[in-house]
>>> print(open('coords_28.txt').read())   # compact mmCIF, C-alpha atoms and all ligand atoms
# COMPACT_ATOMS: atom_id res chain seq x y z
CA MET A 442 22.97 -3.78 39.56
CA VAL A 443 19.51 -2.96 38.29
CA GLU A 444 17.26 -5.15 36.18
CA THR A 445 17.35 -3.51 32.73
CA ALA A 446 13.99 -3.50 30.92
CA ILE A 447 14.09 -3.97 27.15
CA ILE A 448 11.71 -1.51 25.50
CA ASP A 449 9.84 -3.44 22.81
CA GLY A 450 9.40 -0.90 20.03
CA LYS A 451 8.30 -3.58 17.58
CA ALA A 452 5.34 -4.60 19.75
CA PHE A 453 4.46 -0.97 20.54
CA ALA A 454 4.50 -0.15 16.82
CA GLU A 455 2.24 -3.14 16.06
CA GLY A 456 -0.27 -1.81 18.60
CA LEU A 457 -0.10 1.65 17.07
CA ARG A 458 -0.70 0.26 13.57
CA ALA A 459 -3.66 -1.80 14.80
CA ARG A 460 -5.26 1.36 16.23
CA LEU A 461 -4.47 3.28 13.02
CA LYS A 462 -6.15 0.59 10.94
CA GLY A 463 -9.47 1.35 12.63
CA GLU A 464 -9.01 5.11 12.27
CA VAL A 465 -8.06 4.76 8.60
CA ALA A 466 -11.21 2.69 7.96
CA ALA A 467 -13.33 5.43 9.57
CA TYR A 468 -11.57 8.11 7.48
CA THR A 469 -12.11 6.12 4.29
CA ALA A 470 -15.80 5.56 5.07
CA ALA A 471 -16.27 9.29 5.69
CA HIS A 472 -14.34 10.56 2.65
CA GLY A 473 -14.79 7.82 0.05
CA THR A 474 -11.04 7.49 -0.57
CA PRO A 475 -8.26 6.26 1.72
CA PRO A 476 -5.39 8.47 2.89
CA GLY A 477 -2.52 8.21 0.40
CA LEU A 478 1.25 8.25 0.98
CA ALA A 479 3.75 8.88 -1.83
CA VAL A 480 7.37 7.84 -1.35
CA VAL A 481 10.07 9.15 -3.67
CA LEU A 482 13.35 7.25 -3.90
CA VAL A 483 16.19 8.56 -6.07
CA GLY A 484 18.83 5.94 -6.82
CA SER A 485 18.99 2.37 -5.60
CA ASP A 486 20.91 2.33 -2.32
CA PRO A 487 20.09 -1.23 -1.10
CA ALA A 488 19.33 -0.17 2.52
CA SER A 489 16.97 2.58 1.30
CA SER A 490 15.24 0.19 -1.11
CA VAL A 491 14.47 -2.27 1.72
CA TYR A 492 13.16 0.52 3.91
CA VAL A 493 10.96 1.91 1.12
CA ARG A 494 9.53 -1.57 0.45
CA ASN A 495 8.72 -2.06 4.17
CA LYS A 496 6.97 1.29 4.28
CA ALA A 497 4.86 0.50 1.22
CA LYS A 498 3.84 -2.88 2.68
CA GLN A 499 2.79 -1.43 6.04
CA THR A 500 0.99 1.48 4.37
CA VAL A 501 -1.22 -0.96 2.48
CA GLU A 502 -1.68 -3.15 5.58
CA VAL A 503 -3.30 -0.29 7.54
CA GLY A 504 -5.63 0.41 4.60
CA MET A 505 -3.94 3.43 3.03
CA ALA A 506 -2.96 3.92 -0.60
CA SER A 507 0.76 3.70 -1.38
CA PHE A 508 2.40 5.42 -4.35
CA GLU A 509 6.04 4.63 -5.06
CA HIS A 510 8.19 6.78 -7.34
CA LEU A 511 11.56 5.23 -8.06
CA LEU A 512 13.87 7.55 -10.00
CA PRO A 513 17.33 6.59 -11.31
CA GLU A 514 20.47 7.80 -9.50
CA SER A 515 21.06 10.08 -12.50
CA ALA A 516 17.72 11.93 -12.13
CA ARG A 517 18.10 15.71 -12.38
CA GLU A 518 17.03 18.06 -9.62
CA ASP A 519 14.41 19.69 -11.87
CA GLU A 520 12.88 16.25 -12.56
CA VAL A 521 12.51 15.64 -8.82
CA LEU A 522 11.01 19.12 -8.36
CA ALA A 523 8.55 18.52 -11.22
CA LEU A 524 7.44 15.22 -9.65
CA LEU A 525 6.89 16.98 -6.31
CA ALA A 526 4.76 19.64 -8.01
CA ASP A 527 2.56 16.85 -9.43
CA LEU A 528 2.28 15.13 -6.04
CA ASN A 529 1.47 18.43 -4.30
CA ALA A 530 -1.40 18.93 -6.76
CA ASP A 531 -2.71 15.34 -6.57
CA PRO A 532 -5.71 15.06 -4.21
CA ALA A 533 -5.15 11.28 -3.81
CA VAL A 534 -1.76 12.03 -2.21
CA ASN A 535 -2.03 13.27 1.39
CA GLY A 536 1.56 12.62 2.45
CA ILE A 537 4.89 12.91 0.60
CA LEU A 538 8.22 11.47 1.74
CA VAL A 539 11.47 11.92 -0.17
CA GLN A 540 13.92 9.29 1.03
CA LEU A 541 17.21 10.78 2.28
CA PRO A 542 20.07 11.00 1.60
CA LEU A 543 19.66 12.24 -1.98
CA PRO A 544 22.48 11.91 -4.55
CA ALA A 545 25.12 14.63 -4.11
CA HIS A 546 24.13 16.51 -7.31
CA ILE A 547 20.69 17.29 -5.84
CA ASP A 548 20.18 20.14 -3.34
CA THR A 549 18.35 18.51 -0.40
CA GLN A 550 17.08 21.77 1.11
CA LYS A 551 15.65 22.85 -2.24
CA VAL A 552 13.83 19.53 -2.60
CA LEU A 553 12.44 19.59 0.96
CA ALA A 554 11.28 23.18 0.43
CA ALA A 555 9.30 22.08 -2.65
CA ILE A 556 7.02 19.76 -0.62
CA ASP A 557 3.66 21.25 0.37
CA PRO A 558 4.09 21.68 4.18
CA THR A 559 0.61 20.22 4.75
CA LYS A 560 1.77 17.01 2.98
CA ASP A 561 5.23 16.94 4.61
CA VAL A 562 4.74 13.77 6.69
CA ASP A 563 8.49 13.63 7.53
CA GLY A 564 8.22 17.06 9.16
CA PHE A 565 11.45 18.18 7.48
CA HIS A 566 10.12 21.34 5.75
CA VAL A 567 11.30 24.56 7.45
CA VAL A 568 7.67 25.53 8.05
CA ASN A 569 7.09 22.39 10.12
CA ALA A 570 10.48 22.68 11.89
CA GLY A 571 9.63 26.30 12.73
CA ARG A 572 6.10 25.48 13.89
CA LEU A 573 7.49 22.78 16.19
CA ALA A 574 10.09 25.20 17.58
CA VAL A 575 7.51 27.88 18.43
CA GLY A 576 4.92 25.44 19.78
CA LEU A 577 2.32 25.48 16.97
CA ASP A 578 0.60 22.35 15.57
CA ALA A 579 3.11 20.81 13.17
CA LEU A 580 3.82 17.60 11.32
CA VAL A 581 6.52 16.24 13.65
CA PRO A 582 9.46 14.12 12.37
CA CYS A 583 8.63 10.40 12.72
CA THR A 584 11.69 9.07 14.54
CA PRO A 585 11.60 11.77 17.25
CA LEU A 586 7.85 11.23 17.67
CA GLY A 587 8.43 7.49 18.12
CA CYS A 588 11.19 8.02 20.70
CA VAL A 589 9.06 10.30 22.84
CA MET A 590 6.06 7.94 22.64
CA LEU A 591 8.21 5.10 24.01
CA LEU A 592 9.55 7.32 26.81
CA LYS A 593 6.11 8.56 27.86
CA ASP A 594 4.74 5.02 27.79
CA ARG A 595 7.47 3.95 30.19
CA LEU A 596 7.93 6.99 32.42
CA GLY A 597 4.62 8.85 32.28
CA SER A 598 5.45 12.53 32.79
CA LEU A 599 8.94 13.51 31.64
CA ALA A 600 8.78 16.88 33.42
CA GLY A 601 11.97 17.94 35.14
CA LEU A 602 14.03 15.01 33.89
CA LYS A 603 17.49 15.69 32.55
CA ALA A 604 17.74 14.58 28.89
CA VAL A 605 20.96 14.37 26.89
CA VAL A 606 20.61 14.01 23.11
CA VAL A 607 23.80 12.92 21.36
CA GLY A 608 23.54 14.14 17.74
CA ARG A 609 22.21 17.42 16.31
CA SER A 610 20.98 16.55 12.82
CA ASN A 611 17.93 18.36 11.47
CA ILE A 612 16.10 15.08 10.98
CA VAL A 613 16.76 13.37 14.33
CA GLY A 614 18.78 15.12 17.08
CA LYS A 615 17.34 18.65 16.87
CA PRO A 616 13.66 17.68 16.62
CA ILE A 617 14.04 15.13 19.46
CA ALA A 618 15.46 17.91 21.61
CA GLN A 619 12.48 20.14 20.70
CA LEU A 620 9.98 17.44 21.65
CA LEU A 621 11.72 16.72 24.97
CA LEU A 622 11.73 20.44 25.74
CA ARG A 623 7.99 20.49 25.00
CA GLU A 624 7.68 17.66 27.58
CA ASP A 625 9.45 19.91 30.14
CA CYS A 626 12.75 18.03 30.20
CA THR A 627 15.99 19.89 30.85
CA VAL A 628 17.72 19.24 27.54
CA THR A 629 21.38 19.12 26.54
CA ILE A 630 22.33 18.56 22.90
CA ALA A 631 25.78 16.99 22.47
CA HIS A 632 27.71 16.56 19.21
CA SER A 633 31.15 15.86 17.77
CA ARG A 634 32.64 19.00 19.35
CA THR A 635 31.29 18.31 22.85
CA LYS A 636 34.22 18.40 25.30
CA ASP A 637 33.58 15.57 27.75
CA LEU A 638 30.87 13.44 26.18
CA PRO A 639 31.00 10.57 28.74
CA ALA A 640 30.54 13.09 31.59
CA GLU A 641 27.58 14.74 29.80
CA CYS A 642 25.96 11.36 29.22
CA ARG A 643 26.38 10.33 32.88
CA GLN A 644 24.11 13.25 33.89
CA ALA A 645 21.20 11.94 31.83
CA ASP A 646 17.99 10.49 33.22
CA ILE A 647 17.05 10.12 29.54
CA LEU A 648 19.87 9.38 27.11
CA ILE A 649 19.19 9.54 23.37
CA ALA A 650 21.86 8.23 21.02
CA ALA A 651 21.53 9.51 17.43
CA VAL A 652 25.08 9.51 16.14
CA GLY A 653 25.53 6.77 13.56
CA ARG A 654 28.64 5.22 15.18
CA PRO A 655 28.37 1.56 16.15
CA GLU A 656 28.31 1.02 19.94
CA MET A 657 30.10 4.32 20.62
CA ILE A 658 28.25 4.92 23.90
CA ARG A 659 29.72 2.64 26.54
CA GLY A 660 28.07 1.11 29.59
CA ASP A 661 29.96 3.32 32.04
CA TRP A 662 28.64 6.47 30.30
CA ILE A 663 25.13 5.57 31.47
CA LYS A 664 23.68 6.83 34.76
CA PRO A 665 22.35 3.85 36.75
CA GLY A 666 18.61 3.53 36.15
CA ALA A 667 18.56 5.87 33.12
CA SER A 668 16.17 5.34 30.19
CA VAL A 669 18.25 4.86 27.03
CA ILE A 670 16.83 5.32 23.52
CA ASP A 671 19.15 4.04 20.80
CA VAL A 672 18.29 5.59 17.43
CA GLY A 673 21.43 4.38 15.65
CA ILE A 674 21.12 1.84 12.84
CA ASN A 675 24.58 0.60 11.89
CA ARG A 676 25.36 -2.37 9.72
CA VAL A 677 28.54 -4.13 10.86
CA SER A 678 30.12 -7.46 9.99
CA GLY A 679 30.20 -9.91 12.87
CA ALA A 680 32.91 -12.44 13.78
CA ASP A 681 31.16 -15.00 11.53
CA GLY A 682 31.50 -12.62 8.55
CA LYS A 683 27.73 -12.07 8.38
CA SER A 684 26.41 -8.53 8.56
CA ARG A 685 24.17 -7.52 11.47
CA LEU A 686 22.57 -4.35 12.79
CA VAL A 687 23.84 -2.63 15.93
CA GLY A 688 22.91 0.64 17.57
CA ASP A 689 25.01 3.56 18.82
CA VAL A 690 24.99 2.13 22.37
CA ALA A 691 27.04 -0.88 23.53
CA PHE A 692 23.87 -2.82 24.31
CA ALA A 693 25.47 -5.70 26.31
CA GLU A 694 27.38 -3.24 28.52
CA ALA A 695 24.21 -1.29 29.27
CA GLN A 696 22.61 -4.39 30.81
CA GLY A 697 22.49 -4.07 34.60
CA ILE A 698 23.11 -0.29 34.43
CA ALA A 699 20.32 1.30 32.35
CA GLY A 700 16.83 1.20 33.79
CA ALA A 701 15.50 0.55 30.30
CA ILE A 702 16.87 0.47 26.77
CA THR A 703 15.59 0.11 23.22
CA PRO A 704 17.20 -2.74 21.24
CA VAL A 705 18.47 -2.53 17.65
CA PRO A 706 16.73 -3.90 15.70
CA GLY A 707 13.24 -3.92 17.23
CA GLY A 708 13.37 -0.56 19.02
CA VAL A 709 13.06 2.86 17.41
CA GLY A 710 13.09 1.65 13.76
CA PRO A 711 9.60 0.11 13.71
CA MET A 712 8.24 3.15 15.58
CA THR A 713 9.50 5.42 12.80
CA ILE A 714 7.34 3.67 10.20
CA ALA A 715 4.27 3.53 12.47
CA CYS A 716 4.62 7.27 13.15
CA LEU A 717 4.93 7.94 9.42
CA LEU A 718 1.55 6.25 8.92
CA GLN A 719 0.09 8.22 11.82
CA ASN A 720 1.39 11.48 10.30
CA THR A 721 -0.19 10.56 6.96
CA LEU A 722 -3.59 10.12 8.62
CA THR A 723 -3.09 13.37 10.56
CA ALA A 724 -2.19 15.19 7.33
CA ALA A 725 -5.19 13.74 5.46
CA THR A 726 -7.56 14.69 8.29
CA ARG A 727 -6.23 18.27 8.46
CA GLN A 728 -6.42 18.63 4.64
CA ALA A 729 -10.05 17.45 4.70
CA GLU A 730 -10.89 19.99 7.39
CA GLY A 731 -9.29 22.68 5.20
N1 LIG A 801 15.76 4.28 13.79
C1 LIG A 801 15.39 5.10 12.83
O1 LIG A 801 14.25 5.11 12.44
C2 LIG A 801 16.37 6.04 12.24
C3 LIG A 801 17.69 5.84 12.50
N2 LIG A 801 18.63 6.71 12.04
C4 LIG A 801 20.00 6.45 12.45
O2 LIG A 801 20.36 7.38 13.46
C5 LIG A 801 21.74 7.71 13.37
C6 LIG A 801 21.88 9.23 13.25
O3 LIG A 801 21.28 9.67 12.06
P1 LIG A 801 21.38 11.20 11.55
O4 LIG A 801 20.97 12.11 12.63
O5 LIG A 801 20.70 11.24 10.25
O6 LIG A 801 22.98 11.29 11.35
P2 LIG A 801 23.92 12.52 10.99
O7 LIG A 801 25.17 11.91 10.46
O8 LIG A 801 23.18 13.53 10.19
O9 LIG A 801 24.24 13.19 12.40
C7 LIG A 801 25.06 12.58 13.34
C8 LIG A 801 25.27 13.48 14.54
O10 LIG A 801 26.15 12.79 15.45
C9 LIG A 801 27.20 13.65 15.82
N3 LIG A 801 28.44 12.91 16.02
C10 LIG A 801 29.18 12.26 15.09
N4 LIG A 801 30.27 11.72 15.65
C11 LIG A 801 30.22 12.03 16.96
C12 LIG A 801 31.07 11.78 18.06
N5 LIG A 801 32.21 11.08 17.94
N6 LIG A 801 30.72 12.26 19.27
C13 LIG A 801 29.60 12.97 19.42
N7 LIG A 801 28.74 13.25 18.41
C14 LIG A 801 29.05 12.78 17.20
C15 LIG A 801 27.35 14.63 14.67
O11 LIG A 801 27.94 15.80 15.21
P3 LIG A 801 28.29 17.12 14.29
O12 LIG A 801 26.97 17.80 14.06
O13 LIG A 801 29.19 17.89 15.17
O14 LIG A 801 28.91 16.59 13.05
C16 LIG A 801 25.92 14.81 14.20
O15 LIG A 801 25.28 15.84 14.91
C17 LIG A 801 22.24 6.90 12.18
O16 LIG A 801 22.77 5.68 12.67
C18 LIG A 801 21.01 6.64 11.36
O17 LIG A 801 21.13 5.47 10.58
C19 LIG A 801 18.25 7.81 11.32
C20 LIG A 801 16.94 8.06 11.01
C21 LIG A 801 15.90 7.15 11.42
N1 LIG A 802 12.99 11.05 4.31
C1 LIG A 802 13.42 10.10 5.13
N2 LIG A 802 12.71 9.79 6.24
C2 LIG A 802 13.16 8.81 7.10
O1 LIG A 802 12.50 8.54 8.14
C3 LIG A 802 14.36 8.10 6.79
C4 LIG A 802 15.04 8.47 5.62
N3 LIG A 802 14.57 9.47 4.83
N4 LIG A 802 16.19 7.86 5.30
C5 LIG A 802 16.70 6.72 6.07
C6 LIG A 802 16.30 6.80 7.52
C7 LIG A 802 16.40 5.47 8.23
N5 LIG A 802 15.07 5.14 8.63
C8 LIG A 802 14.68 3.91 9.19
C9 LIG A 802 13.37 3.59 9.44
C10 LIG A 802 12.98 2.35 9.92
C11 LIG A 802 13.92 1.39 10.18
C12 LIG A 802 13.50 0.05 10.67
O2 LIG A 802 12.34 -0.32 10.62
N6 LIG A 802 14.43 -0.75 11.20
C13 LIG A 802 14.19 -2.11 11.73
C14 LIG A 802 15.10 -3.16 11.12
C15 LIG A 802 15.28 -3.08 9.65
C16 LIG A 802 16.29 -4.09 9.12
O3 LIG A 802 16.32 -5.23 9.61
O4 LIG A 802 17.03 -3.70 8.22
C17 LIG A 802 14.46 -2.13 13.22
O5 LIG A 802 15.23 -1.25 13.70
O6 LIG A 802 13.96 -3.01 13.89
C18 LIG A 802 15.25 1.70 9.96
C19 LIG A 802 15.63 2.94 9.49
C20 LIG A 802 14.23 6.13 8.23
N7 LIG A 802 14.86 7.11 7.60
>>> encode(input="coords_28.txt", output="structure tokens")
Amino acid sequence: MVETAIIDGKAFAEGLRARLKGEVAAYTAAHGTPPGLAVVLVGSDPASSVYVRNKAKQTVEVGMASFEHLLPESAREDEVLALLADLNADPAVNGILVQLPLPAHIDTQKVLAAIDPTKDVDGFHVVNAGRLAVGLDALVPCTPLGCVMLLKDRLGSLAGLKAVVVGRSNIVGKPIAQLLLREDCTVTIAHSRTKDLPAECRQADILIAAVGRPEMIRGDWIKPGASVIDVGINRVSGADGKSRLVGDVAFAEAQGIAGAITPVPGGVGPMTIACLLQNTLTAATRQAEG
């Protein structure tokens, strides 16, 4: 049995936002206007609405300008594209985020491609994904950035460690794998067609769960002492009938086995928003430098 450390992403994110607040004030003093973040939400998925509201609140708290664009579920693709053209041209907007998923009648890749890559604070544009893959300066997706920050804070150098990423989405799994590779990890990407997932996971010094299946990863899939980052956010109904959030890892089973683990909530989620604010400041600074 090992003592399992709980990685406090909420506290780490608060520290990051406190540091950003100072940097944002310096930016604003130098440029006369604060960095601005525009968030576009199409439709009114309740989970997305909460998340968008939290982002707007924290954006304002660190001293940045927040612009919210709420479009109805029925909005046409060309209306979304026209809004993005306006935001691309607006000098008060330094960062643009289009909340995903979009309604099925809208082509997500087309929308992401319409965002100016220098304002793409989610890092989802192919230009930023490509720049990350070849090792150029890029706007890096927020959740992956947050995961790697937590790992480096805990472990220092990640060089030579074996990392297993479960999930290969363009927005989480793939960019996390790219960042871990950049940190000199030996990286395996697992997915729904992986043959023996428990055996793959047991090899991992660093195990990243980004699947979207409540508590799928069991305690006995974890190598003793491993660092476990749980990206999953799953809403389930508990025995009392109330809904609660759980991750992709069976958190209670991981106790006494993992060396460290992020909780859900309070782990990766708050880091995602803090990294979004950091990316907005990075984007604004790079735009000002030309
Ligand atoms: N904390 C945060 O800030 C954020 C949390 N999330 C959460 O992270 C999770 C993942 O999100 P996202 O990447 O967008 O999800 P996707 O649904 O896009 O991707 C899920 C991935 O998991 C794989 N997968 C599904 N079932 C299995 C299985 N049984 N065994 C192995 N692999 C499987 C899929 O494989 P295949 O490719 O073969 O289909 C796919 O690659 C979700 O819970 C989401 O809510 C997302 C963004 C931010
Ligand atoms: N373009 C785009 N970019 C995204 O980054 C993006 C997106 N679309 N669509 C949805 C997912 C999901 N996501 C979360 C971010 C923070 C929390 C978060 O702060 N969670 C808190 C709890 C929140 C609660 O209690 O509901 C926590 O884990 O502690 C959760 C989920 C970003 N996403």
>>> closest_atom_pairs(input="coords_28.txt", of="stretch 547-623 of chain A", to="stretch 651-659 of chain A", cutoff="10 Å", atoms="only C-alpha atoms", output="CSV")
residue,atom,partner,partner_atom,distance
A:Val606,CA,A:Ala651,CA,7.3
A:Val607,CA,A:Ala651,CA,5.7
A:Gly608,CA,A:Ala651,CA,5.1
A:Arg609,CA,A:Ala651,CA,8.0
A:Ser610,CA,A:Ala651,CA,8.4
A:Val613,CA,A:Ala651,CA,6.9
A:Gly614,CA,A:Ala651,CA,6.3
A:Ile617,CA,A:Ala651,CA,9.6
>>> closest_residue(input="coords_28.txt", among="A:Asp561, A:Asp689, A:Glu509, A:Glu520", to="ligand LIG 801 (chain A)", atoms="only C-alpha atoms and all ligand atoms")
A:Asp689
>>> residues_near_ligand(input="coords_28.txt", ligand="ligand LIG 802 (chain A)", cutoff="6 Å", atoms="only C-alpha atoms and all ligand atoms", output="VMD selection string")
chain A and resid 538 to 541 563 705 to 711 713 to 714
>>> atom_distance(input="coords_28.txt", atom1="atom CA of A:Ala479", atom2="atom CA of A:Ala506")
8.4 Å
>>> closest_residue(input="coords_28.txt", among="A:Val669, A:Ala530, A:Ile649, A:Ala570", to="ligand LIG 801 (chain A)", atoms="only C-alpha atoms and all ligand atoms")
A:Ile649
>>> atom_distance(input="coords_28.txt", atom1="atom CA of A:Cys642", atom2="atom CA of A:Arg676")
23.9 Å
>>> atom_distance(input="coords_28.txt", atom1="atom CA of A:Val465", atom2="atom CA of A:Leu591")
22.4 Å
>>> axis_aligned_box(input="coords_28.txt", around="ligand LIG 801 (chain A)", padding_each_side="8 Å", output="AutoDock Vina command-line options")
--center_x 23.2 --center_y 11.1 --center_z 14.8 --size_x 34.0 --size_y 29.6 --size_z 25.2
>>> closest_residue(input="coords_28.txt", among="A:Thr635, A:Thr469, A:Thr703, A:Gln719", to="ligand LIG 801 (chain A)", atoms="only C-alpha atoms and all ligand atoms")
A:Thr635
>>> residues_around(input="coords_28.txt", residues="A:Glu502", least_positions_apart="2", cutoff="12 Å", atoms="only C-alpha atoms", output="PyMOL selection string")
chain A and resi 455+458-459+461-463+465-466+495-500+504-507+715+718
>>> residues_around(input="coords_28.txt", residues="A:Ala471", least_positions_apart="5", cutoff="12 Å", atoms="only C-alpha atoms", output="list of chain:residue names")
A:Glu464, A:Val465, A:Ala466, A:Pro476, A:Ala725, A:Thr726, A:Ala729
>>> closest_residue(input="coords_28.txt", among="A:Ile647, A:Leu553, A:Leu722, A:Ala488", to="ligand LIG 801 (chain A)", atoms="all atoms listed in the file")
A:Ala488
>>> closest_residue(input="coords_28.txt", among="A:Ala579, A:Ala470, A:Leu717, A:Val562", to="ligand LIG 801 (chain A)", atoms="only C-alpha atoms and all ligand atoms")
A:Leu717
>>> closest_residue(input="coords_28.txt", among="A:Cys583, A:Leu522, A:Val480, A:Ile547", to="ligand LIG 801 (chain A)", atoms="all atoms listed in the file")
A:Cys583
>>> residues_around(input="coords_28.txt", residues="stretch 484-486 of chain A", least_positions_apart="3", cutoff="10 Å", atoms="all atoms listed in the file", output="list in words")
Val481, Ser489, Ser490, Val491, Leu511, Leu512, Pro513, Glu514, Ser515, Ala516, Gln540, Pro542, Leu543 and Pro544 of chain A
